[in-house]
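Quick look at coords23.cif (mmCIF, C-alpha atoms):
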data_model
loop_
_atom_site.group_PDB
_atom_site.id
_atom_site.type_symbol
_atom_site.label_atom_id
_atom_site.label_comp_id
_atom_site.auth_asym_id
_atom_site.auth_seq_id
_atom_site.Cartn_x
_atom_site.Cartn_y
_atom_site.Cartn_z
ATOM 1 C CA MET A 1 202.369 -14.377 -40.944
ATOM 2 C CA ASN A 2 201.768 -11.681 -38.327
ATOM 3 C CA PHE A 3 198.053 -11.716 -39.174
ATOM 4 C CA ILE A 4 197.895 -15.502 -38.757
ATOM 5 C CA ALA A 5 199.851 -15.365 -35.496
ATOM 6 C CA GLU A 6 197.587 -12.655 -34.087
ATOM 7 C CA ASN A 7 194.481 -14.604 -35.024
ATOM 8 C CA ALA A 8 195.797 -18.097 -34.232
ATOM 9 C CA ILE A 9 192.875 -18.935 -31.927
ATOM 10 C CA PHE A 10 190.349 -17.877 -34.582
ATOM 11 C CA PHE A 11 191.972 -20.079 -37.244
ATOM 12 C CA PHE A 12 192.233 -22.934 -34.753
ATOM 13 C CA TYR A 13 188.484 -22.846 -34.140
ATOM 14 C CA VAL A 14 187.726 -22.530 -37.849
ATOM 15 C CA ALA A 15 189.868 -25.632 -38.473
ATOM 16 C CA ALA A 16 188.126 -27.462 -35.604
ATOM 17 C CA SER A 17 184.743 -26.505 -37.094
ATOM 18 C CA ALA A 18 185.865 -27.841 -40.476
ATOM 19 C CA ILE A 19 186.814 -31.182 -38.877
ATOM 20 C CA VAL A 20 183.430 -31.367 -37.134
ATOM 21 C CA ALA A 21 181.694 -30.542 -40.441
ATOM 22 C CA LEU A 22 183.698 -33.258 -42.218
ATOM 23 C CA PHE A 23 182.636 -35.863 -39.645
ATOM 24 C CA ALA A 24 179.028 -34.671 -39.958
ATOM 25 C CA PHE A 25 179.193 -34.942 -43.752
ATOM 26 C CA LEU A 26 180.726 -38.422 -43.741
ATOM 27 C CA TRP A 27 178.694 -40.069 -40.984
ATOM 28 C CA GLY A 28 175.816 -37.749 -40.214
ATOM 29 C CA GLY A 29 172.744 -36.249 -41.756
ATOM 30 C CA ARG A 30 171.163 -32.815 -41.905
ATOM 31 C CA THR A 31 170.890 -32.585 -38.115
ATOM 32 C CA LYS A 32 174.619 -33.068 -37.556
ATOM 33 C CA LEU A 33 175.484 -30.743 -40.424
ATOM 34 C CA MET A 34 173.219 -28.161 -38.800
ATOM 35 C CA GLY A 35 175.069 -28.555 -35.492
ATOM 36 C CA ALA A 36 178.445 -28.184 -37.223
ATOM 37 C CA GLY A 37 177.148 -25.101 -39.024
ATOM 38 C CA LEU A 38 176.006 -23.518 -35.767
ATOM 39 C CA LEU A 39 179.426 -24.058 -34.194
ATOM 40 C CA LEU A 40 181.163 -22.654 -37.264
ATOM 41 C CA ALA A 41 178.875 -19.611 -37.427
ATOM 42 C CA SER A 42 179.404 -18.796 -33.747
ATOM 43 C CA ILE A 43 183.174 -18.357 -34.276
ATOM 44 C CA PRO A 44 183.092 -15.352 -36.678
ATOM 45 C CA VAL A 45 180.125 -13.818 -34.821
ATOM 46 C CA SER A 46 182.014 -13.795 -31.506
ATOM 47 C CA ASN A 47 185.121 -12.450 -33.262
ATOM 48 C CA ILE A 48 183.100 -9.675 -34.919
ATOM 49 C CA LEU A 49 181.712 -8.708 -31.511
ATOM 50 C CA HIS A 50 185.258 -8.622 -30.096
ATOM 51 C CA SER A 51 186.445 -6.431 -33.005
ATOM 52 C CA ILE A 52 183.576 -4.018 -32.370
ATOM 53 C CA LEU A 53 184.606 -3.905 -28.698
ATOM 54 C CA VAL A 54 188.211 -3.106 -29.645
ATOM 55 C CA LEU A 55 187.008 -0.274 -31.916
ATOM 56 C CA GLY A 56 185.184 1.200 -28.940
ATOM 57 C CA TRP A 57 181.726 0.794 -30.412
ATOM 58 C CA LEU A 58 180.699 -1.501 -27.562
ATOM 59 C CA THR A 59 181.238 -1.177 -23.829
ATOM 60 C CA ILE A 60 182.447 -4.140 -21.764
ATOM 61 C CA ASN A 61 178.903 -4.653 -20.428
ATOM 62 C CA GLN A 62 177.355 -4.499 -23.899
ATOM 63 C CA PHE A 63 179.958 -6.978 -25.154
ATOM 64 C CA ALA A 64 179.197 -9.348 -22.263
ATOM 65 C CA VAL A 65 175.433 -9.062 -22.855
ATOM 66 C CA SER A 66 175.977 -9.827 -26.558
ATOM 67 C CA LEU A 67 177.991 -12.943 -25.734
ATOM 68 C CA ILE A 68 175.409 -14.051 -23.159
ATOM 69 C CA SER A 69 172.622 -13.638 -25.727
ATOM 70 C CA LEU A 70 174.644 -15.551 -28.336
ATOM 71 C CA ASP A 71 175.335 -18.432 -25.930
ATOM 72 C CA PHE A 72 171.699 -18.715 -24.816
ATOM 73 C CA MET A 73 170.529 -18.622 -28.444
ATOM 74 C CA LEU A 74 172.966 -21.397 -29.368
ATOM 75 C CA ALA A 75 171.925 -23.383 -26.286
ATOM 76 C CA TYR A 76 168.288 -23.098 -27.382
ATOM 77 C CA LEU A 77 169.053 -24.204 -30.957
ATOM 78 C CA PHE A 78 171.077 -27.215 -29.801
ATOM 79 C CA PHE A 79 168.328 -28.055 -27.293
ATOM 80 C CA GLU A 80 165.817 -28.087 -30.158
ATOM 81 C CA ILE A 81 168.084 -30.490 -32.060
ATOM 82 C CA ALA A 82 168.239 -32.739 -28.983
ATOM 83 C CA ARG A 83 164.483 -32.504 -28.371
ATOM 84 C CA ARG A 84 163.653 -33.727 -31.860
ATOM 85 C CA SER A 85 166.050 -36.647 -31.589
ATOM 86 C CA THR A 86 164.879 -40.165 -32.450
ATOM 87 C CA ARG A 87 166.656 -43.483 -32.524
ATOM 88 C CA LEU A 88 166.999 -43.090 -36.267
ATOM 89 C CA GLU A 89 168.514 -39.632 -35.788
ATOM 90 C CA PRO A 90 170.124 -39.749 -32.329
ATOM 91 C CA SER A 91 171.370 -36.390 -31.055
ATOM 92 C CA ARG A 92 172.748 -37.057 -27.580
ATOM 93 C CA TRP A 93 175.766 -34.932 -28.511
ATOM 94 C CA ALA A 94 173.420 -31.932 -28.765
ATOM 95 C CA VAL A 95 172.489 -32.314 -25.069
ATOM 96 C CA PHE A 96 176.155 -31.929 -24.062
ATOM 97 C CA VAL A 97 176.645 -28.942 -26.369
ATOM 98 C CA THR A 98 173.498 -27.321 -24.941
ATOM 99 C CA ALA A 99 174.883 -27.700 -21.405
ATOM 100 C CA ILE A 100 178.245 -26.298 -22.519
ATOM 101 C CA HIS A 101 176.693 -23.167 -24.037
ATOM 102 C CA ILE A 102 174.603 -22.613 -20.911
ATOM 103 C CA SER A 103 177.832 -22.876 -18.885
ATOM 104 C CA MET A 104 179.492 -20.352 -21.201
ATOM 105 C CA ALA A 105 176.554 -18.000 -20.733
ATOM 106 C CA LEU A 106 176.883 -18.308 -16.938
ATOM 107 C CA VAL A 107 180.618 -17.553 -17.140
ATOM 108 C CA ASN A 108 179.866 -14.457 -19.220
ATOM 109 C CA ILE A 109 177.198 -13.398 -16.707
ATOM 110 C CA ALA A 110 179.827 -13.653 -13.959
ATOM 111 C CA ALA A 111 182.188 -11.548 -16.103
ATOM 112 C CA ALA A 112 179.469 -8.911 -16.611
ATOM 113 C CA ILE A 113 178.831 -8.691 -12.849
ATOM 114 C CA ILE A 114 182.506 -8.823 -11.811
ATOM 115 C CA VAL A 115 184.324 -6.630 -14.331
ATOM 116 C CA SER A 116 187.733 -7.481 -12.879
ATOM 117 C CA PHE A 117 187.067 -11.170 -13.623
ATOM 118 C CA SER A 118 186.484 -10.386 -17.320
ATOM 119 C CA ARG A 119 190.044 -9.055 -17.561
ATOM 120 C CA THR A 120 191.696 -12.145 -16.090
ATOM 121 C CA ALA A 121 193.381 -14.958 -18.004
ATOM 122 C CA GLU A 122 191.202 -17.461 -16.139
ATOM 123 C CA TYR A 123 188.041 -16.022 -17.743
ATOM 124 C CA HIS A 124 189.349 -16.548 -21.284
ATOM 125 C CA LEU A 125 190.803 -19.936 -20.364
ATOM 126 C CA ILE A 126 187.461 -21.194 -19.047
ATOM 127 C CA LEU A 127 185.624 -20.052 -22.191
ATOM 128 C CA ASN A 128 188.200 -21.656 -24.475
ATOM 129 C CA LEU A 129 188.119 -24.934 -22.560
ATOM 130 C CA LEU A 130 184.321 -25.018 -22.730
ATOM 131 C CA LEU A 131 184.333 -24.329 -26.479
ATOM 132 C CA ILE A 132 186.958 -27.010 -27.104
ATOM 133 C CA THR A 133 184.808 -29.414 -25.069
ATOM 134 C CA ALA A 134 181.851 -28.579 -27.343
ATOM 135 C CA PHE A 135 183.910 -29.511 -30.416
ATOM 136 C CA LEU A 136 185.059 -32.751 -28.789
ATOM 137 C CA ALA A 137 181.460 -33.635 -27.821
ATOM 138 C CA CYS A 138 180.386 -33.190 -31.454
ATOM 139 C CA ILE A 139 183.262 -35.255 -32.832
ATOM 140 C CA ALA A 140 182.548 -38.013 -30.293
ATOM 141 C CA GLY A 141 178.849 -37.936 -31.217
ATOM 142 C CA PHE A 142 179.527 -38.020 -34.959
ATOM 143 C CA THR A 143 182.171 -40.764 -34.917
ATOM 144 C CA PRO A 144 180.856 -44.262 -35.806
ATOM 145 C CA LYS A 145 181.033 -46.791 -32.988
ATOM 146 C CA SER A 146 182.638 -49.503 -35.108
ATOM 147 C CA ARG A 147 184.455 -50.071 -38.372
ATOM 148 C CA LYS A 148 181.398 -51.889 -39.696
ATOM 149 C CA GLU A 149 179.208 -48.861 -39.033
ATOM 150 C CA ALA A 150 181.764 -46.458 -40.514
ATOM 151 C CA PHE A 151 182.166 -48.359 -43.793
ATOM 152 C CA GLY A 152 178.477 -49.297 -43.926
ATOM 153 C CA ILE A 153 177.322 -45.682 -43.760
ATOM 154 C CA LEU A 154 179.936 -44.534 -46.269
ATOM 155 C CA ARG A 155 178.932 -47.340 -48.644
ATOM 156 C CA MET A 156 175.271 -46.385 -48.395
ATOM 157 C CA LYS A 157 176.050 -42.707 -48.996
ATOM 158 C CA TRP A 158 178.051 -43.725 -52.069
ATOM 159 C CA VAL A 159 175.042 -45.644 -53.391
ATOM 160 C CA TYR A 160 172.846 -42.568 -52.880
ATOM 161 C CA PHE A 161 175.417 -40.357 -54.578
ATOM 162 C CA LYS A 162 175.779 -42.626 -57.618
ATOM 163 C CA SER A 163 172.007 -42.885 -58.027
ATOM 164 C CA ASP A 164 171.407 -39.152 -57.722
ATOM 165 C CA TRP A 165 174.344 -38.261 -59.954
ATOM 166 C CA PHE A 166 173.258 -40.741 -62.633
ATOM 167 C CA ARG A 167 169.726 -39.381 -62.709
ATOM 168 C CA LEU A 168 170.812 -35.746 -62.660
ATOM 169 C CA SER A 169 173.383 -36.233 -65.437
ATOM 170 C CA THR A 170 170.796 -38.113 -67.501
ATOM 171 C CA TYR A 171 168.320 -35.288 -67.011
ATOM 172 C CA LEU A 172 170.868 -32.677 -68.086
ATOM 173 C CA LYS A 173 171.873 -34.677 -71.192
ATOM 174 C CA GLN A 174 168.247 -35.109 -72.208
ATOM 175 C CA SER A 175 167.605 -31.416 -71.695
ATOM 176 C CA ARG A 176 170.487 -30.512 -74.008
ATOM 177 C CA ASN A 177 169.610 -33.084 -76.660
ATOM 178 C CA ARG A 178 166.755 -31.668 -78.758
ATOM 179 C CA ALA A 179 166.445 -34.930 -80.676
ATOM 180 C CA LEU A 180 165.090 -36.668 -77.591
ATOM 181 C CA SER A 181 161.526 -36.553 -76.396
ATOM 182 C CA ILE A 182 160.459 -33.336 -74.720
ATOM 183 C CA LYS A 183 159.360 -35.416 -71.754
ATOM 184 C CA ASN A 184 162.351 -35.341 -69.424
ATOM 185 C CA ILE A 185 163.045 -36.750 -66.026
ATOM 186 C CA SER A 186 162.711 -34.277 -63.178
ATOM 187 C CA PRO A 187 165.550 -34.528 -60.648
ATOM 188 C CA SER A 188 163.107 -34.674 -57.740
ATOM 189 C CA SER A 189 161.212 -37.697 -59.074
ATOM 190 C CA ALA A 190 164.470 -39.297 -60.166
ATOM 191 C CA ILE A 191 165.892 -39.213 -56.693
ATOM 192 C CA SER A 192 162.821 -41.009 -55.332
ATOM 193 C CA ASP A 193 163.495 -44.214 -57.318
ATOM 194 C CA LEU A 194 166.240 -45.433 -55.011
ATOM 195 C CA ASP A 195 164.233 -44.267 -51.995
ATOM 196 C CA GLU A 196 161.247 -46.283 -53.223
ATOM 197 C CA HIS A 197 163.438 -49.356 -53.696
ATOM 198 C CA ILE A 198 164.861 -49.056 -50.169
ATOM 199 C CA GLY A 199 161.337 -48.472 -48.819
ATOM 200 C CA LYS A 200 160.151 -51.725 -50.400
ATOM 201 C CA LYS A 201 163.095 -53.572 -48.878
ATOM 202 C CA LEU A 202 162.287 -52.035 -45.489
ATOM 203 C CA ARG A 203 158.673 -53.197 -45.743
ATOM 204 C CA GLU A 204 159.865 -56.659 -46.783
ATOM 205 C CA ALA A 205 162.246 -56.828 -43.791
ATOM 206 C CA ARG A 206 159.547 -55.616 -41.404
ATOM 207 C CA ILE A 207 157.011 -58.204 -42.570
ATOM 208 C CA THR A 208 159.612 -60.989 -42.508
ATOM 209 C CA ALA A 209 160.509 -60.040 -38.916
ATOM 210 C CA GLY A 210 156.815 -60.073 -37.974
ATOM 211 C CA TYR A 211 156.721 -56.394 -36.939
ATOM 212 C CA SER A 212 153.722 -54.185 -37.453
ATOM 213 C CA ARG A 213 154.310 -50.540 -38.388
ATOM 214 C CA GLU A 214 153.303 -49.622 -34.846
ATOM 215 C CA VAL A 215 155.932 -51.916 -33.295
ATOM 216 C CA LEU A 216 158.681 -50.664 -35.615
ATOM 217 C CA ALA A 217 157.682 -47.053 -34.960
ATOM 218 C CA LYS A 218 158.054 -47.606 -31.206
ATOM 219 C CA LYS A 219 161.465 -49.210 -31.681
ATOM 220 C CA LEU A 220 162.676 -46.282 -33.748
ATOM 221 C CA GLY A 221 160.996 -43.513 -31.774
ATOM 222 C CA VAL A 222 159.073 -42.191 -34.778
ATOM 223 C CA THR A 223 155.406 -42.024 -35.735
ATOM 224 C CA ILE A 224 153.509 -44.711 -37.650
ATOM 225 C CA PRO A 225 152.885 -42.320 -40.606
ATOM 226 C CA GLN A 226 156.637 -41.732 -40.732
ATOM 227 C CA ILE A 227 157.252 -45.483 -41.112
ATOM 228 C CA GLN A 228 154.707 -45.501 -43.944
ATOM 229 C CA LYS A 229 156.567 -42.618 -45.651
ATOM 230 C CA TYR A 230 159.842 -44.527 -45.364
ATOM 231 C CA GLU A 231 158.257 -47.646 -46.876
ATOM 232 C CA THR A 232 156.761 -45.778 -49.829
ATOM 233 C CA GLY A 233 159.931 -43.783 -50.473
ATOM 234 C CA ALA A 234 158.150 -40.485 -49.798
ATOM 235 C CA THR A 235 160.792 -39.718 -47.144
ATOM 236 C CA ARG A 236 164.427 -40.638 -47.662
ATOM 237 C CA LEU A 237 166.136 -42.764 -45.034
ATOM 238 C CA THR A 238 169.579 -41.462 -44.174
ATOM 239 C CA ALA A 239 172.607 -43.734 -44.482
ATOM 240 C CA SER A 240 172.978 -43.849 -40.690
ATOM 241 C CA SER A 241 169.283 -44.752 -40.342
ATOM 242 C CA ILE A 242 169.732 -47.669 -42.730
ATOM 243 C CA TYR A 243 172.629 -48.898 -40.606
ATOM 244 C CA ILE A 244 170.419 -48.813 -37.490
ATOM 245 C CA LEU A 245 167.664 -50.695 -39.341
ATOM 246 C CA SER A 246 170.167 -53.328 -40.479
ATOM 247 C CA GLU A 247 171.096 -53.845 -36.816
ATOM 248 C CA ILE A 248 167.434 -54.138 -35.772
ATOM 249 C CA PHE A 249 166.636 -56.711 -38.458
ATOM 250 C CA ASN A 250 170.064 -58.389 -38.222
ATOM 251 C CA LEU A 251 170.698 -57.840 -41.921
ATOM 252 C CA GLU A 252 173.636 -56.669 -43.985
ATOM 253 C CA ILE A 253 173.373 -53.058 -45.152
ATOM 254 C CA SER A 254 173.655 -54.312 -48.736
ATOM 255 C CA TYR A 255 170.219 -55.951 -48.315
ATOM 256 C CA PHE A 256 168.486 -52.579 -48.693
ATOM 257 C CA TYR A 257 169.897 -51.892 -52.149
ATOM 258 C CA ASP A 258 170.190 -55.447 -53.471
ATOM 259 C CA GLY A 259 168.639 -55.607 -56.927
ATOM 260 C CA TYR A 260 168.936 -51.883 -57.557
ATOM 261 C CA THR A 261 171.208 -50.254 -60.114
ATOM 262 C CA SER A 262 171.124 -46.689 -61.378
ATOM 263 C CA ALA A 263 170.491 -47.942 -64.900
ATOM 264 C CA ASN A 264 167.265 -49.563 -63.709
ATOM 265 C CA ALA A 265 165.873 -46.248 -62.488
ATOM 266 C CA LYS A 266 162.325 -45.733 -63.684
ATOM 267 C CA GLY A 267 161.778 -43.472 -66.618
ATOM 268 C CA VAL A 268 165.401 -43.428 -67.786
ATOM 269 C CA LYS A 269 165.720 -43.901 -71.509
ATOM 270 C CA PRO A 270 168.988 -44.638 -73.306
ATOM 271 C CA ILE A 271 170.787 -41.512 -74.498
ATOM 272 C CA GLU A 272 170.795 -41.409 -78.279
ATOM 273 C CA THR A 273 174.030 -40.372 -79.899
#

Output the file's structure as C-alpha cells, nothing else.
Amino acid sequence: MNFIAENAIFFFYVAASAIVALFAFLWGGRTKLMGAGLLLASIPVSNILHSILVLGWLTINQFAVSLISLDFMLAYLFFEIARRSTRLEPSRWAVFVTAIHISMALVNIAAAIIVSFSRTAEYHLILNLLLITAFLACIAGFTPKSRKEAFGILRMKWVYFKSDWFRLSTYLKQSRNRALSIKNISPSSAISDLDEHIGKKLREARITAGYSREVLAKKLGVTIPQIQKYETGATRLTASSIYILSEIFNLEISYFYDGYTSANAKGVKPIET
C-alpha cells in the first residue's frame, strides 16, 4: 500500500493512458492507437528520468534538458500525426496535444533557467495540469459525436473481427488436418475478401451518387490512387472511415457489408470431419 501511495500519480497516469487506449481501440484506428501509445510510453520514461535524478546520476539541469528533449520529441511525433490527417482519418486532437507538449517544454525550459522555480509546487502543478489536458484532448477527440456513430463503428469493427477470425480459424484447422488439400488459405489473402466486398460497395455507392474518383478524393482529402485502392480492397477502410462514407452517401453503415457473410469468403472449403 505504501508503494501505491508513494506512486499514486504514476498509477493515475497509467490508468488515464489505459482509458485513452480503450477509446482508441473502440472508436479509432492505428493513428489513435499510436497517439495513446505515445502518451502511455511517456509516463514511465519521465518516471525513469526522475528516479535517475533521485539516485544522483543526473543533475537538475540534465534532468530538465532530458524532459525538454522528451517533450519536443513528443510534440514532433504528434505534429506528424496531425500533418498526415485526412477527413477519413481526422486527427485534430493531435494538434492540441502537440501544443500541450510544446507548452510543457517551455515550462521545463523556464525551470532549467530559474532553478528556484523548478523546486516550487507551482512548477509541478502546471506540468500535471498540462498532461491531464493532453489526456482530456485525446478522449474528446476519440469519443464518437453521436450514438449512431458509436454503435455504427463498433458494429463495423465486429464485422471485421468475425470475418478475420473465421478465416484465421479455418486456416489453422486446415493446416492441422492432413486429410485436406495441401493448398491452404493464407491469412493475408483471407482478410482481403471482406475488404474487396466493401470496396465494391464503395464503388457502387460512388457511381450511384455520380461522383468521379477525383471528386470523392477531394471530399475525403486523399489521393485518387488511394480511392482506387479502397475500391479494389487493396487497402482496408477503417470502421470510422466507413461511418464517414455512409454520411457522405447518406447510406446506412450496413450497406457496405450487405450480402457478405464469412462463410461466403472466397477459397474457403468446408472442414471435413

- Message: Show me, as a list of chain:residue names, the residues that have an atom within 12 Å of Val107 of chain A when counting only C-alpha atoms, minus same-chain residues fewer than 5 positions from it.
- Response: A:Ala64, A:Val65, A:Leu67, A:Ile68, A:Asp71, A:Phe72, A:Ile100, A:His101, A:Ile102, A:Ala112, A:Ile113, A:Ile114, A:Val115, A:Phe117, A:Ser118, A:Glu122, A:Tyr123, A:His124, A:Leu125, A:Ile126, A:Leu127, A:Asn128, A:Leu129, A:Leu130

- the PyMOL selection byres ((chain A and resi 217) around 12) applied to the shown file, residues as a ChimeraX atom specification: /A:86-88,206,211-216,218-231,245

Could those selected residues go to a file with C-alpha atoms, as a PDB file, in the frame of the given file?
ATOM      1  CA  THR A  86     164.879 -40.165 -32.450  1.00  0.00           C
ATOM      2  CA  ARG A  87     166.656 -43.483 -32.524  1.00  0.00           C
ATOM      3  CA  LEU A  88     166.999 -43.090 -36.267  1.00  0.00           C
ATOM      4  CA  ARG A 206     159.547 -55.616 -41.404  1.00  0.00           C
ATOM      5  CA  TYR A 211     156.721 -56.394 -36.939  1.00  0.00           C
ATOM      6  CA  SER A 212     153.722 -54.185 -37.453  1.00  0.00           C
ATOM      7  CA  ARG A 213     154.310 -50.540 -38.388  1.00  0.00           C
ATOM      8  CA  GLU A 214     153.303 -49.622 -34.846  1.00  0.00           C
ATOM      9  CA  VAL A 215     155.932 -51.916 -33.295  1.00  0.00           C
ATOM     10  CA  LEU A 216     158.681 -50.664 -35.615  1.00  0.00           C
ATOM     11  CA  LYS A 218     158.054 -47.606 -31.206  1.00  0.00           C
ATOM     12  CA  LYS A 219     161.465 -49.210 -31.681  1.00  0.00           C
ATOM     13  CA  LEU A 220     162.676 -46.282 -33.748  1.00  0.00           C
ATOM     14  CA  GLY A 221     160.996 -43.513 -31.774  1.00  0.00           C
ATOM     15  CA  VAL A 222     159.073 -42.191 -34.778  1.00  0.00           C
ATOM     16  CA  THR A 223     155.406 -42.024 -35.735  1.00  0.00           C
ATOM     17  CA  ILE A 224     153.509 -44.711 -37.650  1.00  0.00           C
ATOM     18  CA  PRO A 225     152.885 -42.320 -40.606  1.00  0.00           C
ATOM     19  CA  GLN A 226     156.637 -41.732 -40.732  1.00  0.00           C
ATOM     20  CA  ILE A 227     157.252 -45.483 -41.112  1.00  0.00           C
ATOM     21  CA  GLN A 228     154.707 -45.501 -43.944  1.00  0.00           C
ATOM     22  CA  LYS A 229     156.567 -42.618 -45.651  1.00  0.00           C
ATOM     23  CA  TYR A 230     159.842 -44.527 -45.364  1.00  0.00           C
ATOM     24  CA  GLU A 231     158.257 -47.646 -46.876  1.00  0.00           C
ATOM     25  CA  LEU A 245     167.664 -50.695 -39.341  1.00  0.00           C
TER      26      LEU A 245
END

- Task: Just give me the gap between atom CA of Val54 of chain A and atom CA of Ala75 of chain A in Å, one decimal is fine.
- Result: 26.2 Å

- Excluding same-chain residues fewer than 2 positions from Thr133 of chain A, what lies within 12 Å of it counting all atoms listed in the file, as a list in words? Tyr13, Ala16, Leu39, Trp93, Phe96, Val97, Thr98, Ala99, Ile100, His101, Ser103, Met104, Ile126, Leu127, Asn128, Leu129, Leu130, Leu131, Phe135, Leu136, Ala137, Cys138, Ile139 and Ala140 of chain A

Let me have the centre and edge lengths in Å, one decimal, of the box along x, y and z around every listed atom of segment 26-29 of chain A with 5 Å of margin on each side, as AutoDock Vina command-line options.
--center_x 176.7 --center_y -38.2 --center_z -42.0 --size_x 18.0 --size_y 13.8 --size_z 13.5

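Atom CA of Asn47 of chain A is positioned 10.2 Å from atom CA of Ile9 of chain A.
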
- How would you write, as a PyMOL selection string, the residues chosen by the PyMOL selection byres ((chain A and resi 239) around 9) on this structure? chain A and resi 27-29+152-157+160+237-238+240-244

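Picked by the PyMOL selection byres ((chain A and resi 197) around 9) from the coordinates shown: Ser192, Asp193, Leu194, Asp195, Glu196, Ile198, Gly199, Lys200, Lys201, Leu202, Glu231, Thr232, Gly233, Phe256, Tyr257, Gly259 and Tyr260 of chain A.
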
With C-alpha atoms retained, could you export that selection as a PDB file, keeping the file's coordinate frame?
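Writing done, so here's part16.pdb:
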ATOM      1  CA  SER A 192     162.821 -41.009 -55.332  1.00  0.00           C
ATOM      2  CA  ASP A 193     163.495 -44.214 -57.318  1.00  0.00           C
ATOM      3  CA  LEU A 194     166.240 -45.433 -55.011  1.00  0.00           C
ATOM      4  CA  ASP A 195     164.233 -44.267 -51.995  1.00  0.00           C
ATOM      5  CA  GLU A 196     161.247 -46.283 -53.223  1.00  0.00           C
ATOM      6  CA  ILE A 198     164.861 -49.056 -50.169  1.00  0.00           C
ATOM      7  CA  GLY A 199     161.337 -48.472 -48.819  1.00  0.00           C
ATOM      8  CA  LYS A 200     160.151 -51.725 -50.400  1.00  0.00           C
ATOM      9  CA  LYS A 201     163.095 -53.572 -48.878  1.00  0.00           C
ATOM     10  CA  LEU A 202     162.287 -52.035 -45.489  1.00  0.00           C
ATOM     11  CA  GLU A 231     158.257 -47.646 -46.876  1.00  0.00           C
ATOM     12  CA  THR A 232     156.761 -45.778 -49.829  1.00  0.00           C
ATOM     13  CA  GLY A 233     159.931 -43.783 -50.473  1.00  0.00           C
ATOM     14  CA  PHE A 256     168.486 -52.579 -48.693  1.00  0.00           C
ATOM     15  CA  TYR A 257     169.897 -51.892 -52.149  1.00  0.00           C
ATOM     16  CA  GLY A 259     168.639 -55.607 -56.927  1.00  0.00           C
ATOM     17  CA  TYR A 260     168.936 -51.883 -57.557  1.00  0.00           C
TER      18      TYR A 260
END

- Nearest candidate to Val159 of chain A (options A:Ala36, A:Leu53, A:Ile253, A:Ala105; using all atoms listed in the file): A:Ile253

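With only C-alpha atoms as the basis for measurement, A:Leu38 is the residue among A:Leu55, A:Leu168, A:Leu38, A:Ile48 that approaches Tyr76 of chain A most closely.
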
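The nearest approach to Glu80 of chain A among the residues A:Ser42, A:Thr31, A:Gln62, A:Ser51, with only C-alpha atoms taken into account, belongs to A:Thr31.
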
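The space between atom CA of Ile19 of chain A and atom CA of Met34 of chain A spans 13.9 Å.
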
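Nearest to Pro144 of chain A of all the residues A:Trp165, A:Phe23, A:Trp57, A:Phe63 is A:Phe23, counting all atoms listed in the file.
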
- Message: Here is a test: counting all atoms listed in the file, which residue of A:Asn61, A:Phe12, A:Leu26, A:Phe161 is nearest to Ala111 of chain A?
- Response: A:Asn61

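Among the candidate residues A:Ala15, A:Val20, A:Leu77, A:Ile60, the one lying nearest to Lys32 of chain A is A:Val20, with distances computed using all atoms listed in the file.
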